[in-house]
Every structure is written in structure tokens, then in C-alpha cells.
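Okay, so here's the structure we're looking at.
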Amino acid sequence: MKQFLLPDPGEGLVEADIVSWHVKPGDQIKINDVLVEVETSKSIVELPSPYAGTVSELLVNEGDTVEVGAPIILIEESASDPVEGQAKGQQTERVANLVGYGPRTGPSKRRPRRHPEPAEAPHAAVAASFGTHQPVSHRHDHREPLAPGLTKPVGPPLPAPGTPAAEPAVGGGRPLAKPPVRKLAKDLGLDLTTVTGSGDDGVITRDDVEAAATRSPEPVEIPEPVEGPSGDERVPIRGVRRATAQAMVDSAFTAPHVTEWVTCDVSATMELVEKLKSRKDFADVRVSPLLIIARACLLALRRSRSLNASWDEAAQEIVYHGAVNLGIAAATPRGLVVPNIKNVDRLDLAGLASGLNELIMTAREEGAARRPFRRDVHHHQRRRVRCGRRNADPQPGESGILAVGSISRRPWVVGSGADERIEPRWVTTLALSFDHRIVDGEQGSRFLADVAGILNDPGTALLF
């Protein structure tokens with residue numbers, strides 16, 4: 001009987017929540033079959049089985065919080081070779097003696113020898129194959145029977161030609177399908193275990209899912225929420241929501257926050273976005289104002305190193321980081337996550353666009369690619385509300401966070417003197433919150449002014 005312990009997910013995490021079991025007691029499993037999905041404060045991870053055998057018992061239930069190293073499942077391994085098992089049984093009968101006390105008393109038991117087969121039969125078969133009673137060479141159109149002497153078919157009849165049906169997954173394993181196909185089935189409310197795959201090795205394709213949804217649409221059963229006596233719904237605090245709450249509490253009571261706002265005209269940035277969309281370099285990526293805003297942050301950080309630093313309370317030091325890890329806050333069904341791009345300062349504009357697209361899609365797919373999300377030193381967040389009314393708080397370990405309001409058409413004063421007039425322009429509000437222990441007011445104001453200046457006139461990026 002083997003115990004499978006919850007492995008260490010890394011990044012300093014000490015526990016995980018059991019999301020769903022993919023097996024049940026009595027299921028036959030193979031090595032690398034998915035056993036369970038667990039959720040940490042970073043991501044959802046599928047745990048494969050290191051053993052082959054039969055599921056004996058599930059030691060934890062779905063929704064339980066389990067510490068790293070705790071047993072979660074019992075697996076009875078498959079039976080081994082009989083001869084090997086006999087040898088193991090004989091070894092267990094021996095009594096270990098201390099060195100120098102001599103062998104155990106009593107008759108000794110020896111392992112029975114395995115007598116090899118007589119050598120005459122193989123030699124005779126080899127000699128017969130080199131006999132001269134049959135010609136050695138044949139005509140090119142002459143065909144020998146595969147098994148001489150067999151005139152009648154042996155065994156069950158062969159199946160008729162055609163596309164073989166996909167074999168069901170062993171031990172309740174997940175059906176084979178690519179992440180986009182799984183997302184399509186989830187959006188359509190379709191259970192992939194009821195779909196027969198037509199791809200190689202039974203892989204379920206997009207056409208299979210669409211055909212199954214059209215042929216037999218089944219209503220999705222929504223579990224009823226657990227309600228108290230007053231009709232209130234209680235939802236356990238787990239995963240990302242628990243990590244976010246703890247980070248906000250730690251941030252509020254450890255770092256003094258300062259927030260500055262600026263409203264700027266970004267019409268030139270919107271024109272630049274349209275020009276980039278028509279270039280071949282950006283044909284395969286999605287170009288949005290977020291790309292220019294991220295680039296403006298990277299350029300502004302060159303003049304404001306303090307916003308790429310962190311506070312080391314134990315050593316009483318401020319750590320100025322050489323590389324820049326830029327994080328983008330993304331809203332997902334599991335809550336707000338902040339994945340980041342490593343060494344983003346080394347990327348050109350096209351590489352930054354590709355990195356942003358991959359990062360945001362990975363975060364929002366929620367499980368399509370089970371990659372961990374690490375916190376960063378500086379990140380910015382897109383808000384759909386007016387930043388003049390609300391601001392974002394940096395998490396512990398971050399020196400600052402930039403919140404960007406919605407870009408909308410507003411009346412704006414342009415020109416000067418006699419040419420002063422009001423025109424509709426693309427306008428947004430930027431809000432910079434930073435840790436006042438690391439960043440002074442002048443440094444924060446300079447960073448915010450640099451970002452706003454680049455968004456107002458992208459040509460000023462040549463000055464950095």
C-alpha cells in the first residue's frame with residue numbers, strides 16, 4: 001500500500017485546497033494518470049500518480065485545506081512477478097543478526113534452482129532452418145505462408161475497417177482534449193466524458209464538441225448554494241481570495257501608502273496604436289493602449305529606480321533590483337491575479353506585445369496552462385472605474401502600483417492664447433500608489449509625470 005503525499009508546490013507555499021478528485025476508490029490507474037486538482041494561492045495544479053495500481057482510499061475530501069507533506073490518497077500497487085514475490089517472501093523470513101555473532105542456527109533454506117530448458121531443441125530448430133530440403137531463394141512473386149500448417153483462422157474475427165472508437169480513460173482519467181477544446185466544452189455546458197474523440201489516439205477535437213452540442217444538448221446542473229436560516233450564502237475563503245485578503249491586510253498595516261493622480265490627453269497614443277496595427281511586425285499580436293502604457297512605465301523606471309526596489313525588513317535594507325518584472329493585474333473567475341513578465345526591460349516593443357498577450361490569456365483561461373503566478377516589484381492595473389475616486393494598493397514586497405482608468409472621449413482644452421479651444425479628446429486618469437518608506441514624493445511625482453508625458457506625446461520616448 002502506497003501513500004501519496006501532497007507535494008511541495010514551491011514559492012514558499014505550505015498548503016493547498018483540494019478542488020476535485022479525478023479518481024474514486026476501486027479505480028484502476030496507471031503512472032502519470034491525473035489524480036486530483038489542487039489550488040494554491042498562485043494557480044490550480046493537476047497532480048499525476050507516481051504509482052500504478054488500484055485506488056484504495058481517498059484520505060481528504062474536496063474543499064479541504066491540506067498541508068504540504070500530508071497523505072491524501074492510498075494506492076495499492078499492482079501485483080509483481082510471482083518469482084520475484086517468492087524471493088521477497090523468503091527474504092522476509094530471515095532474521096537479521098548483528099555483525100560478529102555468526103549465522104542463525106537451524107537448517108538453512110536455499111532458493112530452488114531454476115533448471116534451464118534443454119539446449120538440444122533450440123540447436124535443432126536452428127539447424128533445421130538451415131536445411132537444404134527447401135530452396136533458399138525464391139522468385140520475387142512467390143509468397144510463403146506466415147504460419148505453415150494453419151489452414152483455419154484462429155482466434156476471434158478481426159473488426160470491420162473504419163474509425164476505431166476512443167477507448168475510455170482508465171481509472172476515471174480525464175478525456176484527451178486540448179485546452180481550447182476544454183474551454184469550448186465548458187462554455188457550451190458539455191461533459192467531455194460523454195463525447196467520443198475522432199482525433200489520433202481518441203483526442204477530442206473542436207468538431208466533436210460542436211457536433212455533440214448540436215446533437216444532444218444537455219442542461220447544466222447548477223448546484224444550489226448553501227443558505228442559512230436568513231437566506232444568506234456562505235462561501236469558504238480559499239485560494240486566490242484568501243491570499244489577496246491576507247496581502248491587503250499586510251499591506252495596510254506594514255507600508256505607509258501615498259497616492260497621486262493625474263489626468264492626461266492620450267489621443268496621440270490612440271493614433272499610435274492604430275498605426276501599429278497596420279504594421280507587419282504586429283500582425284500576429286493584439287495591439288492595445290496597454291502595450292504603450294507598459295512601455296511608458298519601463299522607460300519611466302529608468303529615471304525612478306526607487307519604484308523598482310523592495311524593502312527588506314529583516315536586514316533593514318532597501319534592495320534596488322537590476323531586472324524589471326512587470327506585472328499586469330487580470331480579473332479571473334477565481335479572483336484578481338497578477339502574473340508578470342520576467343526581464344521585461346530586455347524586450348523590444350513587438351516582444352512586449354507578444355508577452356502581454358500570452359500573459360493575459362494564460363491568466364484568464366484559468367487552468368489552460370497551469371503555470372504559477374509570482375508577485376513582482378512594480379505592476380500596474382487597469383480599472384474600469386474613475387481612478388480619481390478609487391486607487392489601488394501595492395501588495396507586500398511591491399514598491400508601487402499604477403492604476404489606469406478607462407480611456408474615453410471627453411472635452412479637453414487644446415491650444416494656447418488666441419488658439420485656445422475645446423475639442424473632444426481621448427482622456428484617461430492615472431493613479432500611482434507607492435510605499436513611502438522607499439519612494440519619496442518627488443520620485444513618485446516624476447515617475448507619474450514621465451508616464452503621462454509619453455502617453456501624451458509618444459515621441460518624447462526618444463529622450464529616455
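Just so we're on the same page: first chain in the C-alpha cells is A, next is B, and so on; residues restart at 1 for each chain, and ligands are numbered from 1 in the order they show up.
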If we count only C-alpha atoms and set the cut-off at 12 Å, which residues sit around A:Cys297, ignoring sequence neighbours fewer than 6 positions away in its own chain? Please answer as a CSV table (one decimal) with C-alpha atoms, in the first residue's frame.
chain,number,residue,atom,x,y,z
A,290,LEU,CA,-2.0,48.7,-22.6
A,291,LEU,CA,1.1,48.0,-24.7
A,303,ARG,CA,14.7,57.7,-14.1
A,304,SER,CA,13.0,56.4,-10.9
A,305,ARG,CA,14.9,53.4,-9.6
A,307,LEU,CA,10.0,52.2,-7.9
A,308,ASN,CA,11.9,49.0,-8.9
A,324,VAL,CA,12.3,44.5,-14.1
A,325,ASN,CA,9.5,42.1,-13.7
A,326,LEU,CA,6.3,43.9,-14.8
A,327,GLY,CA,3.0,42.5,-13.6
A,328,ILE,CA,-0.4,43.1,-15.1
A,344,VAL,CA,10.7,42.7,-19.5
A,345,ASP,CA,13.2,45.6,-19.8
A,378,HIS,CA,6.2,47.0,-9.7
A,379,HIS,CA,3.0,46.4,-11.6
A,380,HIS,CA,0.1,48.3,-13.0
A,381,GLN,CA,-3.6,47.7,-13.1
A,400,GLY,CA,4.3,50.8,-6.4
A,401,ILE,CA,1.3,50.1,-8.5
A,402,LEU,CA,-0.1,52.2,-11.4
A,403,ALA,CA,-3.9,52.1,-11.9
A,404,VAL,CA,-5.2,53.3,-15.3
A,430,LEU,CA,-3.5,57.6,-13.9
A,432,LEU,CA,0.1,55.9,-8.7
A,446,ARG,CA,8.5,62.4,-11.5
A,447,PHE,CA,7.6,58.8,-12.5
A,448,LEU,CA,3.9,59.7,-12.9
A,449,ALA,CA,4.7,62.8,-14.9
A,450,ASP,CA,7.1,60.8,-17.2
A,451,VAL,CA,4.4,58.2,-17.9
A,452,ALA,CA,1.8,60.8,-18.6
A,453,GLY,CA,4.2,62.7,-20.9
A,454,ILE,CA,4.9,59.7,-23.0
A,455,LEU,CA,1.2,58.9,-23.3
A,461,ALA,CA,10.2,58.4,-25.5
A,464,PHE,CA,14.8,58.4,-22.3
- Message: I'd like the neighbourhood of A:Val413 as number ranges by chain, where a residue qualifies if any of its atoms comes within 7 Å (using only C-alpha atoms), though same-chain residues fewer than 3 positions away should be ignored.
- Response: A: 420-423
Could you write out that same residue set with all heavy atoms as an mmCIF file, in the first residue's frame?
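Written output follows (part_38.cif):
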data_model
loop_
_atom_site.group_PDB
_atom_site.id
_atom_site.type_symbol
_atom_site.label_atom_id
_atom_site.label_comp_id
_atom_site.auth_asym_id
_atom_site.auth_seq_id
_atom_site.Cartn_x
_atom_site.Cartn_y
_atom_site.Cartn_z
ATOM 1 N N GLU A 420 -6.736 78.952 -28.227
ATOM 2 C CA GLU A 420 -7.279 78.053 -27.207
ATOM 3 C C GLU A 420 -8.729 77.708 -27.535
ATOM 4 O O GLU A 420 -9.548 78.581 -27.800
ATOM 5 C CB GLU A 420 -7.187 78.720 -25.838
ATOM 6 C CG GLU A 420 -7.480 77.778 -24.694
ATOM 7 C CD GLU A 420 -7.254 78.453 -23.359
ATOM 8 O OE1 GLU A 420 -8.120 79.259 -22.959
ATOM 9 O OE2 GLU A 420 -6.221 78.201 -22.732
ATOM 10 N N ARG A 421 -9.040 76.416 -27.478
ATOM 11 C CA ARG A 421 -10.382 75.946 -27.822
ATOM 12 C C ARG A 421 -10.648 74.619 -27.118
ATOM 13 O O ARG A 421 -9.731 74.006 -26.570
ATOM 14 C CB ARG A 421 -10.502 75.767 -29.343
ATOM 15 C CG ARG A 421 -9.542 74.745 -29.910
ATOM 16 C CD ARG A 421 -9.444 74.819 -31.429
ATOM 17 N NE ARG A 421 -8.548 73.795 -31.967
ATOM 18 C CZ ARG A 421 -7.234 73.920 -32.013
ATOM 19 N NH1 ARG A 421 -6.636 75.015 -31.526
ATOM 20 N NH2 ARG A 421 -6.484 72.949 -32.529
ATOM 21 N N ILE A 422 -11.870 74.181 -27.158
ATOM 22 C CA ILE A 422 -12.276 72.916 -26.536
ATOM 23 C C ILE A 422 -12.590 71.923 -27.635
ATOM 24 O O ILE A 422 -13.396 72.200 -28.527
ATOM 25 C CB ILE A 422 -13.494 73.115 -25.614
ATOM 26 C CG1 ILE A 422 -13.149 74.053 -24.457
ATOM 27 C CG2 ILE A 422 -13.974 71.762 -25.082
ATOM 28 C CD1 ILE A 422 -14.307 74.329 -23.532
ATOM 29 N N GLU A 423 -11.948 70.745 -27.532
ATOM 30 C CA GLU A 423 -12.152 69.680 -28.508
ATOM 31 C C GLU A 423 -12.381 68.355 -27.781
ATOM 32 O O GLU A 423 -11.897 68.171 -26.657
ATOM 33 C CB GLU A 423 -10.929 69.532 -29.422
ATOM 34 C CG GLU A 423 -10.689 70.694 -30.355
ATOM 35 C CD GLU A 423 -9.499 70.436 -31.265
ATOM 36 O OE1 GLU A 423 -8.862 69.361 -31.102
ATOM 37 O OE2 GLU A 423 -9.207 71.294 -32.128
#
- Task: Using only C-alpha atoms, determine which residues lie at most 8 Å from A:Trp311, disregarding the query and same-chain residues fewer than 6 positions distant; provide the list as a list in words.
- Result: Glu317, Ile318, Val319, Gly397, Ser399, Arg437 and Ile438 of chain A
Output for the residues just chosen: C-alpha atoms as a PDB file, in the first residue's frame:
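Saved as result_32.pdb:
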ATOM      1  CA  GLU A 317      17.948  47.429   3.697  1.00  0.00           C
ATOM      2  CA  ILE A 318      16.380  48.751   0.512  1.00  0.00           C
ATOM      3  CA  VAL A 319      17.063  46.352  -2.374  1.00  0.00           C
ATOM      4  CA  GLY A 397       7.060  43.411  -1.434  1.00  0.00           C
ATOM      5  CA  SER A 399       7.114  49.432  -4.176  1.00  0.00           C
ATOM      6  CA  ARG A 437       9.289  54.115   3.015  1.00  0.00           C
ATOM      7  CA  ILE A 438      11.040  53.545  -0.340  1.00  0.00           C
TER       8      ILE A 438
END
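If you look at atom CA of A:Ala70 and atom CA of A:Ala245, they are 25.3 Å away from each other.
Across the structure, atom CA of A:Gly197 and atom CA of A:Arg182 are spaced 12.5 Å apart.
The two atoms in question, atom CA of A:Asn343 and atom CA of A:Val262, are spaced 27.9 Å apart.
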- Query: Can you list, as a list in words, every protein, DNA or RNA residue that comes within 9 Å of A:Ala16 when you count only C-alpha atoms, leaving out same-chain residues fewer than 6 positions away?
  - Reply: Leu6, Pro9, Val38, Glu39, Thr40, Ser41, Asp64, Thr65, Val66, Glu67, Val68, Arg238 and Gly239 of chain A
- Task: Pick out each residue of stretch 280-329 of chain A that DSSP on the backbone tags as strand (DSSP E or B); I need them as an MDAnalysis selection string.
- Result: chainID A and resid 309:312 317:320 326:328
- Pick out each residue of stretch 260-355 of chain A that DSSP on the backbone tags as helix (DSSP H, G or I); I need them as a VMD selection string. chain A and resid 267 to 277 280 to 282 289 to 301 305 to 308 344 to 346 349 to 355
With C-alpha atoms retained, export the selected residues as a tab-separated table (two decimals), in the first residue's frame.
chain	number	residue	atom	x	y	z
A	267	SER	CA	-5.09	60.95	-28.20
A	268	ALA	CA	-1.58	60.59	-29.67
A	269	THR	CA	-1.27	57.19	-28.02
A	270	MET	CA	-4.54	56.05	-29.60
A	271	GLU	CA	-3.27	57.18	-33.02
A	272	LEU	CA	-0.02	55.27	-32.46
A	273	VAL	CA	-2.00	52.13	-31.60
A	274	GLU	CA	-3.87	52.33	-34.91
A	275	LYS	CA	-0.59	52.76	-36.82
A	276	LEU	CA	0.99	49.76	-35.10
A	277	LYS	CA	-1.99	47.57	-36.00
A	280	LYS	CA	3.54	43.56	-40.34
A	281	ASP	CA	5.60	43.30	-37.14
A	282	PHE	CA	2.38	43.31	-35.10
A	289	PRO	CA	-3.22	51.05	-25.34
A	290	LEU	CA	-2.00	48.65	-22.62
A	291	LEU	CA	1.10	47.98	-24.73
A	292	ILE	CA	2.07	51.67	-24.89
A	293	ILE	CA	1.28	52.16	-21.18
A	294	ALA	CA	3.52	49.23	-20.22
A	295	ARG	CA	6.31	50.57	-22.42
A	296	ALA	CA	5.94	54.02	-20.88
A	297	CYS	CA	6.30	52.50	-17.39
A	298	LEU	CA	9.53	50.74	-18.39
A	299	LEU	CA	11.01	53.96	-19.77
A	300	ALA	CA	9.94	55.97	-16.72
A	301	LEU	CA	11.57	53.42	-14.39
A	305	ARG	CA	14.93	53.38	-9.63
A	306	SER	CA	13.14	53.53	-6.30
A	307	LEU	CA	9.97	52.19	-7.93
A	308	ASN	CA	11.90	49.03	-8.87
A	344	VAL	CA	10.69	42.74	-19.48
A	345	ASP	CA	13.19	45.60	-19.81
A	346	ARG	CA	15.16	43.49	-22.32
A	349	LEU	CA	8.01	46.62	-28.44
A	350	ALA	CA	6.99	43.57	-30.53
A	351	GLY	CA	8.34	41.16	-27.89
A	352	LEU	CA	6.49	43.07	-25.17
A	353	ALA	CA	3.25	42.81	-27.18
A	354	SER	CA	3.65	39.03	-27.50
A	355	GLY	CA	4.45	38.67	-23.81
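Minimum distance to A:Thr214 across A:Ile75, A:Ala185, A:Leu462, A:Val36 (counting only C-alpha atoms) occurs at A:Ala185.
If you measure from each of A:Leu58, A:Val14, A:Ala213, A:Leu176 to A:Gly199 using only C-alpha atoms, the closest one turns out to be A:Leu176.
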